[in-house]
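One structure below.
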Amino acid sequence: MVLEFKDIRKSFGEKKVLKGINLVAEGGSAFGLLGRNGAGKTTSIRILMNVFPPNSGEVLFDGKPINYKNVTFGYLPEERGLYAKKKIIDQLIFFAELKGMNRSEAISAIDYWLDRLQVSEYRNKKLDTLSKGNQQKVQLVTALVHDPDIIILDEPFSGLDPVNAMLLKDVVNEEIHKGKIVLFSSHQMNYIEEFCHSIAIINGGEIVVSGDLNEIKRRYPRNRLIVRSQMNDRILRDYEPKAELKENGELFLTLDSPEEKGEVIRHLADNYDIDEVKVFEPSLNDIFVEYTKDRI
Amino acid sequence: MKQFKTVLKFELKGYFKNKIFLGTTMLFMVLIIGAMFLPQIAGYFKNNDSESGEKEVILVTSEDGELSQVLLSTLRQSLSGYEIISTDESGEEIGEKVQSGEVWGGIVFTSPTDYKYYVDNLSMYDSNTEVIDEALKNMRQIDAMIESGISQEEVEEILSVKSNHEVINMGKDQMQNFFYTYIMIFALYMVIMLYGQMVASNVATEKSSRAMELLVTSVSPTSMMFGKVIASCLAGFVQLFSIFGTAFICFSINKASWEGNMIITSMFGIPADLLVYMMIFFILGFFIYAFLYGAIGSTATRLEDINTTSTPLTLLFVGAFLVVMLSMSSGNVDNIAMKICSFVPFTSPMAMFTRIAMSTVPFYQILLSIVVLIASTVGVGFLSARIYRAGVLMYGNPPKLGTIIKAVFKS
């Protein structure tokens, strides 16, 4: 399964929200859709789910224009909320039936997922009697219950405690291994780094960077070393002005060119008591800030 | 279609599980049962009274001391429900007795034609004075005729002359139709207001709880809108049928007790063809407003916004209601305003039905009105589904009409 956005453009009135979005997400891996607030992520997701059509461009599924009758979506919106005053089982059946399941299929799938997400005890309770985290898990059931081809999770980890976050990670990994396309949108970069093979950063309605996350990281010059040692003072003195001490106690060595790396590492290992030396790679957070801080 | 059914089922279930919905329906049913059994209950009390006690006493006296036997027997005849006792007591004494409850009432003649009527509490239904006046008038007329030399037999003959009349009504009996038309118009008004607001707040709740975020990606706005509106219509009908059905059953049981009551018997004597028109206009009227209320609900971000946004629609509806009500009570339901209103989709359910019920409308006009109404209801249905699609994703202040129209045509 391959999902592709081809030059998607969308305006609301005078405001151009999407100015030509291109991206490719493959089955069996997670895709991270990043962007600052108001960058156009939700609009892209809504176009993908056919809430409204784009002004131009198209969404392709396996190379052909997507057929919404055959492709199923599971969606966890960023703005959460179901029917507060209705019984959980009733509303889950409703949403499952809307996705085309019949009642008995729906009930057994719902019971499986409620159990999997450890909220089956609330099956017959009203939604507003649950805590926020549990409400979120119930809502997650609506996104997974009908075994969709494409799963879209918008900020899935916000509001979950570490144990629940772990549970969700396991569930997401299972879905990825089933070969599904999982689209992630989040501001919690650590989760994106953990799951997503590919990413795209939207800024001001345009994709500013996209592709394999490791490749993106490798594009950065590999001339910086991070050193952990008990002899910081000596190294600092010897490598002046290339060395810089960070607040966390690590030393940062900026070399003139990446080729010097081997020589410098050897020199450090031979002359000082070194705990760890590694080549600096920017975190996703660094990349994100770099690409989005100026414009929106 | 499948999604539409799912929405319909879910919404219906919502209504029938709603405690307020069930409670008000039950309450109305109990009230109706109570009202329909009223004559029996009242009769029960009345019978008790007459069985247990003697007749109430009315004292009669004359200030000049003369009280003819003819007068007394006339009074006894006219006020057969009371025991008439002649007395010599003065008006004051009688007054005291009446006040103390010793006797029920008193009549004190100050002259052959004038009298004072004493009573403790004048009941709303007390028609004794009219009865006495009539009897006295009769007596005086007979006396006068006999005095002028007409024989007893001739007097009786003169007085027994009666005129007869027969009404040949070529149209509708407004008096008879007034009540069920009134009830139908009022029921339509209440139901549309109530359910319209319910549909609107239902949509607005989905929006404010953000369940809409998920709904909008799961179901087409047309299925959503039609499912909701038709579910509310069905719920409304179940409610109305329960209430009117109860009324009808209770009426059938108590038919005998209601025989003398023209209002009630005419209400249940509604002709079948009118009932069919009532259903047609009721359903269509319900739909056209419910769709618009649904669309209005979709433009509100919070529940509180609905009141402001729905004001124009509510005013339109109240306006139509007033035109119809005023025309009904003026007796002229074929005035120019009613004629126009009976073809305009938003007012025709009430106006055309009133005209059919209380006047004679050519069939082609009825048909035209129904066709216009059906076409506009379908049109409004799809339009409101489009407003819904555009509206549900707008958050913030309630949008202006222009913004909505723009959004509808852009989407």
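FYI, nothing fancy with the structure tokens labels: chains A, B, ... in order, residues from 1 per chain, ligands from 1 as they appear.
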
(request) Run DSSP on the backbone of this structure and report the residues of region 150-269 of chain A it assigns to strand (DSSP E), as a VMD selection string. (result) chain A and resid 150 to 154 181 to 185 196 to 203 206 to 212 224 to 229 243 to 245 251 to 254

(request) Starting from chain A, keep only residues with some atom at most 7 Å from an atom of chain B, counting only C-alpha atoms, and report them as a list in words. (result) Met49, Val51, Pro77, Glu79, Arg80, Gly81, Leu82, Tyr83, Phe94, Glu97, Leu98 and Lys99 of chain A

(request) If you run DSSP over the backbone, which residues in region 72-257 of chain A end up helix (DSSP H, G or I)? Put them as an MDAnalysis selection string. (result) chainID A and resid 88:98 103:116 120:122 127:129 132:144 162:177 189:195 213:218 232:239

Which residues come within 10 Å of Lys16 (chain A), counting only C-alpha atoms, excluding same-chain residues fewer than 6 positions away, as an mmCIF file with N, CA and C atoms, in the first residue's frame?
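Result file is result-v8.cif:
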```cif
data_model
loop_
_atom_site.group_PDB
_atom_site.id
_atom_site.type_symbol
_atom_site.label_atom_id
_atom_site.label_comp_id
_atom_site.auth_asym_id
_atom_site.auth_seq_id
_atom_site.Cartn_x
_atom_site.Cartn_y
_atom_site.Cartn_z
ATOM 1 N N ARG A 9 -3.498 21.468 -3.435
ATOM 2 C CA ARG A 9 -3.663 22.891 -3.100
ATOM 3 C C ARG A 9 -5.058 23.127 -2.559
ATOM 4 N N LYS A 10 -5.141 23.990 -1.569
ATOM 5 C CA LYS A 10 -6.454 24.286 -0.994
ATOM 6 C C LYS A 10 -6.471 25.704 -0.439
ATOM 7 N N GLY A 40 -1.274 23.645 8.459
ATOM 8 C CA GLY A 40 -2.043 22.981 7.396
ATOM 9 C C GLY A 40 -2.139 21.467 7.552
ATOM 10 N N GLY A 204 3.663 26.814 6.604
ATOM 11 C CA GLY A 204 2.997 27.782 5.747
ATOM 12 C C GLY A 204 2.355 27.144 4.534
ATOM 13 N N GLY A 205 1.837 25.927 4.685
ATOM 14 C CA GLY A 205 1.124 25.283 3.575
ATOM 15 C C GLY A 205 2.038 24.618 2.565
#
```

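All residues of protein, DNA or RNA that reach within 12 Å of region 236-239 of chain A, judged by only C-alpha atoms and not counting those fewer than 4 positions away in the chain, are Val227, Arg228, Ser229, Gln230, Met231, Asn232, Ala243, Glu244, Leu245, Lys246, Gly249, Glu250, Leu251, Phe252, Leu253, Thr254, Leu255, Val264, His267, Leu268, Asn271 and Tyr272 of chain A.
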
(message) Set the distance at 12 Å and use only C-alpha atoms: which residues neighbour region 142-146 of chain B once local chain neighbours fewer than 2 positions away are removed? I'd like the list as an MDAnalysis selection string.
(response) chainID B and resid 70:71 112 135:140 148:159

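Every protein, DNA or RNA residue with an atom at most 12 Å from Arg302 (chain B), where only C-alpha atoms count and chain neighbours fewer than 6 positions away do not, is listed here: B:Ala200, B:Ser201, B:Asn202, B:Val203, B:Ala204, B:Thr205, B:Glu206, B:Lys207, B:Ser208, B:Ser209, B:Arg210, B:Ile296, B:Thr308, B:Thr309, B:Val392, B:Met394, B:Tyr395, B:Gly396, B:Asn397, B:Pro398.
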
Just-selected residues, all heavy atoms written as a tab-separated table (two decimals), in the first residue's frame:
```tsv
chain	number	residue	atom	x	y	z
B	200	ALA	N	-31.57	21.27	16.48
B	200	ALA	CA	-30.49	22.27	16.47
B	200	ALA	C	-29.52	22.02	17.62
B	200	ALA	O	-28.30	22.01	17.42
B	200	ALA	CB	-31.07	23.67	16.55
B	201	SER	N	-30.05	21.77	18.81
B	201	SER	CA	-29.12	21.61	19.94
B	201	SER	C	-28.40	20.28	19.86
B	201	SER	O	-27.25	20.16	20.29
B	201	SER	CB	-29.86	21.76	21.28
B	201	SER	OG	-30.83	20.76	21.40
B	202	ASN	N	-29.05	19.31	19.25
B	202	ASN	CA	-28.41	18.02	19.02
B	202	ASN	C	-27.15	18.18	18.16
B	202	ASN	O	-26.07	17.69	18.50
B	202	ASN	CB	-29.45	17.16	18.31
B	202	ASN	CG	-29.10	15.71	18.28
B	202	ASN	OD1	-27.94	15.37	18.15
B	202	ASN	ND2	-30.09	14.85	18.40
B	203	VAL	N	-27.30	18.91	17.05
B	203	VAL	CA	-26.16	19.13	16.16
B	203	VAL	C	-25.10	19.97	16.86
B	203	VAL	O	-23.91	19.65	16.81
B	203	VAL	CB	-26.63	19.83	14.86
B	203	VAL	CG1	-25.43	20.17	13.99
B	203	VAL	CG2	-27.59	18.96	14.10
B	204	ALA	N	-25.56	21.01	17.57
B	204	ALA	CA	-24.60	21.90	18.23
B	204	ALA	C	-23.84	21.16	19.33
B	204	ALA	O	-22.66	21.42	19.56
B	204	ALA	CB	-25.31	23.11	18.80
B	205	THR	N	-24.50	20.22	19.99
B	205	THR	CA	-23.82	19.45	21.04
B	205	THR	C	-22.73	18.59	20.42
B	205	THR	O	-21.62	18.52	20.95
B	205	THR	CB	-24.81	18.54	21.78
B	205	THR	OG1	-25.94	19.30	22.14
B	205	THR	CG2	-24.18	17.92	23.00
B	206	GLU	N	-23.04	17.97	19.30
B	206	GLU	CA	-22.02	17.16	18.62
B	206	GLU	C	-20.84	18.03	18.24
B	206	GLU	O	-19.69	17.60	18.33
B	206	GLU	CB	-22.60	16.54	17.35
B	206	GLU	CG	-23.31	15.24	17.62
B	206	GLU	CD	-24.11	14.78	16.43
B	206	GLU	OE1	-24.08	15.45	15.38
B	206	GLU	OE2	-24.77	13.75	16.55
B	207	LYS	N	-21.15	19.25	17.85
B	207	LYS	CA	-20.07	20.13	17.45
B	207	LYS	C	-19.25	20.58	18.65
B	207	LYS	O	-18.03	20.54	18.62
B	207	LYS	CB	-20.66	21.32	16.71
B	207	LYS	CG	-19.72	21.88	15.69
B	207	LYS	CD	-20.36	23.02	14.96
B	207	LYS	CE	-19.29	23.96	14.50
B	207	LYS	NZ	-19.85	25.16	13.92
B	208	SER	N	-19.94	21.00	19.70
B	208	SER	CA	-19.19	21.53	20.83
B	208	SER	C	-18.45	20.41	21.57
B	208	SER	O	-17.42	20.65	22.17
B	208	SER	CB	-20.12	22.29	21.79
B	208	SER	OG	-20.99	21.40	22.41
B	209	SER	N	-18.95	19.19	21.51
B	209	SER	CA	-18.23	18.09	22.17
B	209	SER	C	-17.14	17.53	21.26
B	209	SER	O	-16.41	16.63	21.64
B	209	SER	CB	-19.19	16.97	22.54
B	209	SER	OG	-19.51	16.22	21.40
B	210	ARG	N	-17.04	18.06	20.07
B	210	ARG	CA	-16.05	17.66	19.07
B	210	ARG	C	-16.25	16.23	18.57
B	210	ARG	O	-15.37	15.67	17.96
B	210	ARG	CB	-14.62	17.80	19.60
B	210	ARG	CG	-14.32	19.16	20.18
B	210	ARG	CD	-14.13	20.18	19.09
B	210	ARG	NE	-14.31	21.51	19.64
B	210	ARG	CZ	-13.61	22.57	19.28
B	210	ARG	NH1	-12.69	22.47	18.37
B	210	ARG	NH2	-13.85	23.74	19.81
B	296	ILE	N	-28.95	25.37	11.24
B	296	ILE	CA	-28.60	26.44	12.17
B	296	ILE	C	-27.73	25.88	13.30
B	296	ILE	O	-26.73	26.47	13.68
B	296	ILE	CB	-29.88	27.09	12.74
B	296	ILE	CG1	-30.44	28.03	11.69
B	296	ILE	CG2	-29.60	27.83	14.04
B	296	ILE	CD1	-31.82	28.54	12.00
B	308	THR	N	-29.59	32.88	19.30
B	308	THR	CA	-29.40	34.05	18.44
B	308	THR	C	-29.51	33.67	16.98
B	308	THR	O	-30.18	34.36	16.22
B	308	THR	CB	-28.01	34.69	18.67
B	308	THR	OG1	-27.23	33.79	19.42
B	308	THR	CG2	-28.12	36.02	19.31
B	309	THR	N	-28.86	32.59	16.61
B	309	THR	CA	-28.83	32.25	15.19
B	309	THR	C	-30.20	31.84	14.68
B	309	THR	O	-30.53	32.08	13.52
B	309	THR	CB	-27.84	31.10	14.93
B	309	THR	OG1	-26.80	31.17	15.90
B	309	THR	CG2	-27.26	31.18	13.56
B	392	VAL	N	-20.25	22.72	10.10
B	392	VAL	CA	-19.69	21.94	11.20
B	392	VAL	C	-18.21	22.17	11.40
B	392	VAL	O	-17.67	21.90	12.48
B	392	VAL	CB	-19.94	20.43	11.04
B	392	VAL	CG1	-21.39	20.11	11.24
B	392	VAL	CG2	-19.44	19.92	9.72
B	394	MET	N	-16.79	25.14	10.98
B	394	MET	CA	-16.52	26.53	11.37
B	394	MET	C	-16.62	26.64	12.88
B	394	MET	O	-17.65	26.29	13.46
B	394	MET	CB	-17.59	27.45	10.78
B	394	MET	CG	-17.54	27.63	9.32
B	394	MET	SD	-18.88	28.77	8.89
B	394	MET	CE	-18.83	28.66	7.13
B	395	TYR	N	-15.59	27.14	13.47
B	395	TYR	CA	-15.66	27.39	14.90
B	395	TYR	C	-15.55	28.88	15.13
B	395	TYR	O	-15.19	29.63	14.23
B	395	TYR	CB	-14.56	26.63	15.63
B	395	TYR	CG	-14.77	25.14	15.64
B	395	TYR	CD1	-14.04	24.31	14.81
B	395	TYR	CD2	-15.75	24.59	16.46
B	395	TYR	CE1	-14.26	22.94	14.81
B	395	TYR	CE2	-15.97	23.23	16.46
B	395	TYR	CZ	-15.22	22.40	15.64
B	395	TYR	OH	-15.46	21.06	15.66
B	396	GLY	N	-15.84	29.29	16.35
B	396	GLY	CA	-15.73	30.70	16.67
B	396	GLY	C	-17.09	31.34	16.72
B	396	GLY	O	-18.09	30.68	17.00
B	397	ASN	N	-17.15	32.64	16.42
B	397	ASN	CA	-18.41	33.37	16.51
B	397	ASN	C	-19.41	32.80	15.52
B	397	ASN	O	-19.02	32.29	14.48
B	397	ASN	CB	-18.19	34.84	16.20
B	397	ASN	CG	-17.41	35.50	17.31
B	397	ASN	OD1	-17.53	35.10	18.47
B	397	ASN	ND2	-16.59	36.46	16.95
B	398	PRO	N	-20.71	32.90	15.85
B	398	PRO	CA	-21.70	32.43	14.88
B	398	PRO	C	-21.53	33.20	13.58
B	398	PRO	O	-21.46	34.43	13.60
B	398	PRO	CB	-23.04	32.78	15.54
B	398	PRO	CG	-22.74	33.12	16.93
B	398	PRO	CD	-21.30	33.46	17.05
```

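Residues with any atom within 6 Å of region 141-151 of chain A, counting only C-alpha atoms and excluding same-chain neighbours fewer than 5 positions away, are Thr72, Phe73, Gly74, Tyr75, Leu76, Ala109, Lys180, Ile181 and Val182 of chain A.
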
Take the residues that were just selected and, keeping N, CA, C and O atoms, output them as a short mmCIF file (atom, residue, chain, number, x, y, z; two decimals), in the first residue's frame.
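result31.cif written:
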```
data_model
loop_
_atom_site.label_atom_id
_atom_site.label_comp_id
_atom_site.auth_asym_id
_atom_site.auth_seq_id
_atom_site.Cartn_x
_atom_site.Cartn_y
_atom_site.Cartn_z
N THR A 72 -10.35 2.18 3.72
CA THR A 72 -10.96 2.57 5.00
C THR A 72 -9.95 3.35 5.85
O THR A 72 -8.75 3.10 5.80
N PHE A 73 -10.50 4.26 6.62
CA PHE A 73 -9.67 5.12 7.46
C PHE A 73 -10.02 4.93 8.94
O PHE A 73 -11.19 4.73 9.28
N GLY A 74 -9.03 5.00 9.76
CA GLY A 74 -9.26 5.12 11.20
C GLY A 74 -8.65 6.43 11.64
O GLY A 74 -7.54 6.76 11.25
N TYR A 75 -9.40 7.20 12.40
CA TYR A 75 -8.94 8.57 12.68
C TYR A 75 -9.09 8.90 14.15
O TYR A 75 -10.16 8.74 14.73
N LEU A 76 -8.02 9.32 14.74
CA LEU A 76 -8.08 9.87 16.10
C LEU A 76 -7.82 11.36 15.97
O LEU A 76 -6.68 11.79 15.79
N ALA A 109 -15.55 -6.96 17.81
CA ALA A 109 -14.33 -6.17 17.62
C ALA A 109 -14.17 -5.13 18.73
O ALA A 109 -13.06 -4.92 19.24
N LYS A 180 -0.06 -1.78 7.76
CA LYS A 180 -0.92 -0.62 7.53
C LYS A 180 -0.11 0.66 7.37
O LYS A 180 1.03 0.74 7.78
N ILE A 181 -0.79 1.62 6.78
CA ILE A 181 -0.19 2.95 6.71
C ILE A 181 -0.60 3.69 7.97
O ILE A 181 -1.78 3.86 8.23
N VAL A 182 0.39 4.10 8.76
CA VAL A 182 0.08 4.84 9.97
C VAL A 182 0.61 6.25 9.82
O VAL A 182 1.79 6.46 9.59
#
```

(message) As an exercise, work out the distance from CA of Asn285 (chain A) to CA of Ala200 (chain A) in Å and give it to one decimal place.
(response) 13.1 Å

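The shortest atom-to-atom distance to Met350 (chain B), with only C-alpha atoms taken into account, belongs to B:Val318 out of B:Val318, B:Ile336, B:Ile107, B:Leu303.
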
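If only C-alpha atoms are the atoms counted, then among B:Phe248, B:Phe21, B:Tyr115, B:Phe16 the closest residue to Glu63 (chain B) is B:Tyr115.
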